[in-house]
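Colleague: Dropping in start_37.pdb, which is PDB, C-alpha atoms:
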```
ATOM      1  CA  MET A   1       0.000   0.000   0.000
ATOM      2  CA  GLN A   2       2.845   2.344   0.832
ATOM      3  CA  ASN A   3       4.422   1.944  -2.613
ATOM      4  CA  GLU A   4       1.062   2.565  -4.293
ATOM      5  CA  ASN A   5       0.699   5.872  -2.451
ATOM      6  CA  ARG A   6       4.162   6.942  -3.452
ATOM      7  CA  THR A   7       3.448   6.569  -7.172
ATOM      8  CA  GLN A   8       0.007   8.175  -7.164
ATOM      9  CA  PRO A   9       1.093  11.698  -8.312
ATOM     10  CA  ALA A  10       2.440  10.369 -11.634
ATOM     11  CA  GLU A  11      -0.164   7.643 -12.164
ATOM     12  CA  PHE A  12      -3.148   9.899 -11.607
ATOM     13  CA  GLY A  13      -1.968  12.735 -13.796
ATOM     14  CA  LEU A  14      -1.121  15.195 -11.025
ATOM     15  CA  LYS A  15       2.095  16.392 -12.621
ATOM     16  CA  GLY A  16       1.916  20.142 -12.834
ATOM     17  CA  LYS A  17      -0.476  20.264  -9.856
ATOM     18  CA  VAL A  18       1.527  18.981  -6.879
ATOM     19  CA  VAL A  19       5.201  18.767  -5.975
ATOM     20  CA  PHE A  20       7.215  18.052  -2.847
ATOM     21  CA  LEU A  21      10.014  20.102  -1.323
ATOM     22  CA  ALA A  22      12.860  18.065   0.163
ATOM     23  CA  SER A  23      13.864  20.228   3.115
ATOM     24  CA  ASN A  24      13.865  20.494   6.888
ATOM     25  CA  ASN A  25      13.611  24.285   6.679
ATOM     26  CA  ILE A  26      10.046  25.387   7.417
ATOM     27  CA  HIS A  27      10.822  28.948   6.275
ATOM     28  CA  LYS A  28      11.858  27.781   2.808
ATOM     29  CA  TYR A  29       8.727  25.664   2.667
ATOM     30  CA  GLN A  30       6.395  28.516   3.615
ATOM     31  CA  GLU A  31       7.963  30.944   1.128
ATOM     32  CA  SER A  32       7.887  28.386  -1.693
ATOM     33  CA  LYS A  33       4.332  27.318  -0.876
ATOM     34  CA  THR A  34       3.139  30.936  -1.066
ATOM     35  CA  VAL A  35       4.648  31.382  -4.527
ATOM     36  CA  LEU A  36       3.383  28.057  -5.869
ATOM     37  CA  SER A  37      -0.143  28.682  -4.619
ATOM     38  CA  ASP A  38      -0.383  31.580  -7.081
ATOM     39  CA  PHE A  39       0.102  29.015  -9.850
ATOM     40  CA  GLY A  40      -2.382  26.522  -8.446
ATOM     41  CA  ILE A  41       0.394  24.125  -7.445
ATOM     42  CA  ALA A  42       0.174  22.338  -4.092
ATOM     43  CA  LEU A  43       3.415  21.866  -2.155
ATOM     44  CA  GLY A  44       4.195  19.091   0.286
ATOM     45  CA  MET A  45       7.217  18.972   2.581
ATOM     46  CA  LEU A  46       9.536  15.977   2.691
ATOM     47  CA  ARG A  47      11.804  15.837   5.722
ATOM     48  CA  VAL A  48      14.366  13.469   4.250
ATOM     49  CA  LYS A  49      18.088  13.131   4.862
ATOM     50  CA  THR A  50      20.016  13.552   1.614
ATOM     51  CA  GLN A  51      23.731  13.187   1.071
ATOM     52  CA  GLU A  52      25.697  16.354   1.827
ATOM     53  CA  VAL A  53      27.635  17.499  -1.231
ATOM     54  CA  GLN A  54      30.733  19.673  -0.896
ATOM     55  CA  SER A  55      30.718  21.875  -3.977
ATOM     56  CA  GLU A  56      31.176  25.473  -5.088
ATOM     57  CA  SER A  57      28.118  25.014  -7.329
ATOM     58  CA  LEU A  58      24.642  25.620  -5.925
ATOM     59  CA  LYS A  59      23.260  23.867  -9.004
ATOM     60  CA  GLU A  60      25.247  20.707  -8.371
ATOM     61  CA  ILE A  61      24.226  20.592  -4.706
ATOM     62  CA  ALA A  62      20.537  21.121  -5.466
ATOM     63  CA  GLU A  63      20.497  18.550  -8.270
ATOM     64  CA  ARG A  64      22.141  15.897  -6.100
ATOM     65  CA  SER A  65      19.676  16.578  -3.294
ATOM     66  CA  ALA A  66      16.729  16.261  -5.679
ATOM     67  CA  ARG A  67      18.033  12.938  -7.019
ATOM     68  CA  ASP A  68      18.599  11.565  -3.525
ATOM     69  CA  ALA A  69      15.179  12.674  -2.309
ATOM     70  CA  PHE A  70      13.454  11.106  -5.308
ATOM     71  CA  THR A  71      15.304   7.839  -4.743
ATOM     72  CA  ILE A  72      13.984   7.767  -1.184
ATOM     73  CA  CYS A  73      10.398   8.910  -1.813
ATOM     74  CA  ASN A  74       9.632   8.258  -5.495
ATOM     75  CA  LEU A  75       7.653  11.503  -5.680
ATOM     76  CA  PRO A  76       7.992  14.588  -7.935
ATOM     77  CA  VAL A  77      10.447  16.595  -5.878
ATOM     78  CA  ILE A  78      12.263  19.910  -5.740
ATOM     79  CA  ALA A  79      15.350  20.689  -3.694
ATOM     80  CA  GLU A  80      16.963  24.064  -3.161
ATOM     81  CA  ASP A  81      20.413  25.282  -2.331
ATOM     82  CA  ALA A  82      21.075  28.951  -1.685
ATOM     83  CA  GLY A  83      24.103  31.106  -0.963
ATOM     84  CA  LEU A  84      25.035  34.615   0.088
ATOM     85  CA  PHE A  85      27.846  36.149  -1.958
ATOM     86  CA  ILE A  86      29.453  39.279  -0.476
ATOM     87  CA  GLU A  87      31.550  41.275  -2.919
ATOM     88  CA  THR A  88      34.111  42.720  -0.536
ATOM     89  CA  LEU A  89      34.649  39.267   1.016
ATOM     90  CA  ARG A  90      35.365  37.801  -2.436
ATOM     91  CA  GLY A  91      32.090  35.924  -2.573
ATOM     92  CA  PHE A  92      32.218  34.543   0.961
ATOM     93  CA  PRO A  93      30.268  32.721   2.361
ATOM     94  CA  GLY A  94      28.779  31.657  -0.996
ATOM     95  CA  PRO A  95      27.419  28.091  -0.974
ATOM     96  CA  TYR A  96      28.682  27.684   2.593
ATOM     97  CA  ALA A  97      26.189  30.240   3.913
ATOM     98  CA  ALA A  98      24.440  27.769   6.228
ATOM     99  CA  TYR A  99      27.728  26.751   7.845
ATOM    100  CA  ALA A 100      28.875  30.377   8.086
ATOM    101  CA  TYR A 101      25.614  31.320   9.763
ATOM    102  CA  LYS A 102      25.996  28.549  12.333
ATOM    103  CA  THR A 103      29.601  29.475  13.114
ATOM    104  CA  LEU A 104      29.666  33.268  12.669
ATOM    105  CA  GLY A 105      26.053  34.381  12.717
ATOM    106  CA  ASN A 106      24.921  37.795  11.549
ATOM    107  CA  ALA A 107      27.110  39.533  14.110
ATOM    108  CA  GLY A 108      30.173  37.751  12.737
ATOM    109  CA  ILE A 109      29.531  38.868   9.173
ATOM    110  CA  ILE A 110      28.962  42.460  10.293
ATOM    111  CA  LYS A 111      32.229  42.319  12.235
ATOM    112  CA  LEU A 112      34.114  41.052   9.172
ATOM    113  CA  MET A 113      32.732  44.025   7.222
ATOM    114  CA  LYS A 114      33.310  46.600   9.950
ATOM    115  CA  ASP A 115      35.481  48.891   7.799
ATOM    116  CA  ALA A 116      34.079  47.910   4.392
ATOM    117  CA  ALA A 117      32.803  50.767   2.239
ATOM    118  CA  ASN A 118      31.587  48.327  -0.420
ATOM    119  CA  ARG A 119      28.656  46.432   1.069
ATOM    120  CA  LYS A 120      27.266  44.934  -2.137
ATOM    121  CA  ALA A 121      26.008  41.370  -1.886
ATOM    122  CA  ARG A 122      23.675  38.994  -3.630
ATOM    123  CA  PHE A 123      21.625  36.000  -2.632
ATOM    124  CA  GLN A 124      21.464  33.172  -5.169
ATOM    125  CA  SER A 125      19.091  30.233  -5.303
ATOM    126  CA  ALA A 126      19.114  27.024  -7.337
ATOM    127  CA  ILE A 127      15.899  24.984  -7.445
ATOM    128  CA  ALA A 128      16.314  21.479  -8.876
ATOM    129  CA  TYR A 129      13.337  19.351  -9.939
ATOM    130  CA  TYR A 130      13.377  15.623 -10.569
ATOM    131  CA  ASP A 131      10.900  12.849 -11.331
ATOM    132  CA  ASN A 132      10.981   9.495 -13.116
ATOM    133  CA  SER A 133      10.255  11.055 -16.521
ATOM    134  CA  LEU A 134      13.575  12.917 -16.571
ATOM    135  CA  SER A 135      17.053  11.654 -17.350
ATOM    136  CA  ALA A 136      18.561  14.401 -15.184
ATOM    137  CA  PRO A 137      17.242  17.063 -12.788
ATOM    138  CA  LEU A 138      16.150  20.418 -14.208
ATOM    139  CA  CYS A 139      17.512  23.515 -12.488
ATOM    140  CA  PHE A 140      15.959  26.973 -12.117
ATOM    141  CA  LYS A 141      17.973  29.891 -10.757
ATOM    142  CA  GLY A 142      17.185  33.151  -9.013
ATOM    143  CA  VAL A 143      19.331  36.104  -7.901
ATOM    144  CA  ALA A 144      18.570  38.972  -5.516
ATOM    145  CA  GLU A 145      21.014  41.880  -5.608
ATOM    146  CA  GLY A 146      21.394  44.032  -2.526
ATOM    147  CA  GLU A 147      23.684  45.052   0.286
ATOM    148  CA  ILE A 148      24.761  44.089   3.794
ATOM    149  CA  THR A 149      23.423  46.457   6.436
ATOM    150  CA  MET A 150      25.523  48.031   9.186
ATOM    151  CA  LYS A 151      23.528  46.219  11.875
ATOM    152  CA  GLU A 152      20.858  43.575  12.229
ATOM    153  CA  GLN A 153      17.380  44.802  11.266
ATOM    154  CA  ALA A 154      14.657  42.311  12.085
ATOM    155  CA  GLY A 155      11.696  44.529  12.977
ATOM    156  CA  ASN A 156       8.394  42.691  13.077
ATOM    157  CA  GLY A 157       8.961  40.729   9.888
ATOM    158  CA  GLN A 158       7.360  37.321   9.536
ATOM    159  CA  SER A 159       9.787  35.580   7.232
ATOM    160  CA  GLY A 160      13.280  36.361   8.445
ATOM    161  CA  PHE A 161      15.767  33.565   8.992
ATOM    162  CA  GLY A 162      19.484  33.083   8.513
ATOM    163  CA  PHE A 163      21.170  36.171   7.089
ATOM    164  CA  ASP A 164      17.847  37.888   6.316
ATOM    165  CA  PRO A 165      18.284  40.516   9.109
ATOM    166  CA  ILE A 166      21.452  41.889   7.463
ATOM    167  CA  PHE A 167      20.476  41.714   3.765
ATOM    168  CA  LYS A 168      18.590  44.591   2.161
ATOM    169  CA  PRO A 169      17.576  44.019  -1.477
ATOM    170  CA  LYS A 170      17.812  46.734  -4.089
ATOM    171  CA  GLU A 171      14.826  49.076  -4.334
ATOM    172  CA  SER A 172      13.818  48.359  -0.739
ATOM    173  CA  LYS A 173      14.384  50.163   2.550
ATOM    174  CA  LYS A 174      13.765  46.956   4.473
ATOM    175  CA  THR A 175      15.833  43.858   5.094
ATOM    176  CA  PHE A 176      14.309  40.499   4.213
ATOM    177  CA  ALA A 177      13.696  39.942   7.938
ATOM    178  CA  GLU A 178      11.555  43.093   8.168
ATOM    179  CA  MET A 179       9.179  41.881   5.462
ATOM    180  CA  ALA A 180       6.132  39.667   5.501
ATOM    181  CA  ILE A 181       6.446  36.584   3.301
ATOM    182  CA  GLU A 182       4.417  38.131   0.471
ATOM    183  CA  GLU A 183       6.651  41.221   0.397
ATOM    184  CA  LYS A 184       9.863  39.228   0.597
ATOM    185  CA  ASN A 185       8.689  37.138  -2.342
ATOM    186  CA  LEU A 186       8.627  40.284  -4.495
ATOM    187  CA  PHE A 187      12.410  40.504  -4.190
ATOM    188  CA  SER A 188      13.858  37.189  -3.096
ATOM    189  CA  HIS A 189      16.162  34.888  -4.990
ATOM    190  CA  ARG A 190      14.125  31.900  -3.866
ATOM    191  CA  ALA A 191      10.831  33.322  -5.135
ATOM    192  CA  ILE A 192      12.390  34.129  -8.515
ATOM    193  CA  ALA A 193      13.681  30.567  -8.899
ATOM    194  CA  VAL A 194      10.411  29.025  -7.701
ATOM    195  CA  ARG A 195       8.392  31.132 -10.168
ATOM    196  CA  LYS A 196      10.596  29.936 -13.030
ATOM    197  CA  PHE A 197      10.025  26.359 -11.924
ATOM    198  CA  ALA A 198       6.272  26.907 -11.510
ATOM    199  CA  GLN A 199       5.897  28.296 -15.034
ATOM    200  CA  TRP A 200       7.605  25.227 -16.454
ATOM    201  CA  TYR A 201       5.776  22.797 -14.173
ATOM    202  CA  LYS A 202       2.354  24.146 -15.099
ATOM    203  CA  SER A 203       3.215  23.656 -18.761
ATOM    204  CA  GLN A 204       3.534  19.919 -18.061
ATOM    205  CA  GLN A 205      -0.167  19.472 -17.258
TER     206      GLN A 205
END
```
Would you mind writing the file out in structure tokens?

Modeller:
Amino acid sequence: MQNENRTQPAEFGLKGKVVFLASNNIHKYQESKTVLSDFGIALGMLRVKTQEVQSESLKEIAERSARDAFTICNLPVIAEDAGLFIETLRGFPGPYAAYAYKTLGNAGIIKLMKDAANRKARFQSAIAYYDNSLSAPLCFKGVAEGEITMKEQAGNGQSGFGFDPIFKPKESKKTFAEMAIEEKNLFSHRAIAVRKFAQWYKSQQ
């Protein structure tokens, strides 16, 4: 019975209508779900352990995660990897943003940039999709240009996590952490990548 349930999305023609996010990050899930709902796509969350890939490529990491998750669950799945690239720090922390956040935190990044006049930075996202109809995962990318603030700015935002309190996107006076999910999705790297995926996925119906 369990195997039958796992193959239902493909067998019953639900491709283009439902997809699963392989992640343990509830914030990523909520942001992605909000974007996909605008396209009439339902999003489930798969808390699965995938192999950790050491790579400078967000695309490679996301694609490997999507493959691993599909192998475990046999469901149409997306996986995301994201990075923060700070110009004056020569792209650091890049794809190692999660590790840098755990070890340095926002305060650590601000300290590293204490005397930096150039505060330009960009968030990048790679969304990889995989199912049994594909020979290889498909990848959709998003970029949000902005800058690192002088101090943490969280405010009363609903969607801030990670480096969001110190990243202010272009054309905004707020950091990601000061925004509600719907506002953040107007600027964010993740929302851009998810929209690209959603447009393709809907075309598969």

Colleague: Can you pull out every residue within 10 Å of Phe70 of chain A, counting only C-alpha atoms, but drop anything in the same chain fewer than 4 positions away, and send it as a PyMOL selection string?

Modeller: chain A and resi 20+22+48+50+64-66+74-79+129-132

Colleague: Atom CA of Arg67 of chain A to atom CA of Gln51 of chain A: how many Å, to one decimal?

Modeller: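 If I compute the distance from atom CA of Arg67 of chain A to atom CA of Gln51 of chain A, I get 9.9 Å.
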
Colleague: Using the chain letters and numbers from the file, give me the residues hit by the PyMOL selection byres ((chain A and resi 54) around 12), as a list of chain:residue names.

Modeller: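 After applying the PyMOL selection byres ((chain A and resi 54) around 12), what remains is A:Gln51, A:Glu52, A:Val53, A:Ser55, A:Glu56, A:Ser57, A:Leu58, A:Lys59, A:Glu60, A:Ile61, A:Ala62, A:Arg64, A:Ser65, A:Asp81, A:Pro95, A:Tyr96, A:Tyr99.
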
Colleague: Please write the residues from the selection above to a file, keeping C-alpha atoms, as a PDB file, in the frame of the given file.

Modeller:
```pdb
ATOM      1  CA  GLN A  51      23.731  13.187   1.071  1.00  0.00           C
ATOM      2  CA  GLU A  52      25.697  16.354   1.827  1.00  0.00           C
ATOM      3  CA  VAL A  53      27.635  17.499  -1.231  1.00  0.00           C
ATOM      4  CA  SER A  55      30.718  21.875  -3.977  1.00  0.00           C
ATOM      5  CA  GLU A  56      31.176  25.473  -5.088  1.00  0.00           C
ATOM      6  CA  SER A  57      28.118  25.014  -7.329  1.00  0.00           C
ATOM      7  CA  LEU A  58      24.642  25.620  -5.925  1.00  0.00           C
ATOM      8  CA  LYS A  59      23.260  23.867  -9.004  1.00  0.00           C
ATOM      9  CA  GLU A  60      25.247  20.707  -8.371  1.00  0.00           C
ATOM     10  CA  ILE A  61      24.226  20.592  -4.706  1.00  0.00           C
ATOM     11  CA  ALA A  62      20.537  21.121  -5.466  1.00  0.00           C
ATOM     12  CA  ARG A  64      22.141  15.897  -6.100  1.00  0.00           C
ATOM     13  CA  SER A  65      19.676  16.578  -3.294  1.00  0.00           C
ATOM     14  CA  ASP A  81      20.413  25.282  -2.331  1.00  0.00           C
ATOM     15  CA  PRO A  95      27.419  28.091  -0.974  1.00  0.00           C
ATOM     16  CA  TYR A  96      28.682  27.684   2.593  1.00  0.00           C
ATOM     17  CA  TYR A  99      27.728  26.751   7.845  1.00  0.00           C
TER      18      TYR A  99
END
```

Colleague: List the spatial neighbours of segment 106-115 of chain A as a ChimeraX atom specification - criterion: any atom at most 9 Å away, all atoms listed in the file, same-chain residues fewer than 2 positions off excluded.

Modeller: /A:88-89,100-101,103-104,117-119,148-152,162-166

Colleague: Which residues, written as a list in words, have at least one atom at most 9 Å from Glu145 of chain A, with only C-alpha atoms counted and residues fewer than 3 positions away on the same chain left out?

Modeller: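 What passes the distance filter is Lys120, Ala121, Arg122, Phe123, Gln124, Lys168, Pro169, Lys170, Phe187, Ser188 and His189 of chain A.
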
Colleague: Given the selection you just returned, output its residues as a file containing C-alpha atoms, formatted as a compact mmCIF listing (two decimals), in the coordinates of the input.

Modeller:
```txt
# COMPACT_ATOMS: atom_id res chain seq x y z
CA LYS A 120 27.27 44.93 -2.14
CA ALA A 121 26.01 41.37 -1.89
CA ARG A 122 23.68 38.99 -3.63
CA PHE A 123 21.62 36.00 -2.63
CA GLN A 124 21.46 33.17 -5.17
CA LYS A 168 18.59 44.59 2.16
CA PRO A 169 17.58 44.02 -1.48
CA LYS A 170 17.81 46.73 -4.09
CA PHE A 187 12.41 40.50 -4.19
CA SER A 188 13.86 37.19 -3.10
CA HIS A 189 16.16 34.89 -4.99
```

Colleague: Go ahead and compute the interatomic distance for atom CA of Thr175 of chain A and atom CA of Gly44 of chain A, in Å to one decimal.

Modeller: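 Going from atom CA of Thr175 of chain A over to atom CA of Gly44 of chain A covers 27.8 Å.
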
Colleague: Can you tell me how far atom CA of Thr34 of chain A sits from atom CA of Leu134 of chain A, in Å to one decimal?

Modeller: 26.0 Å
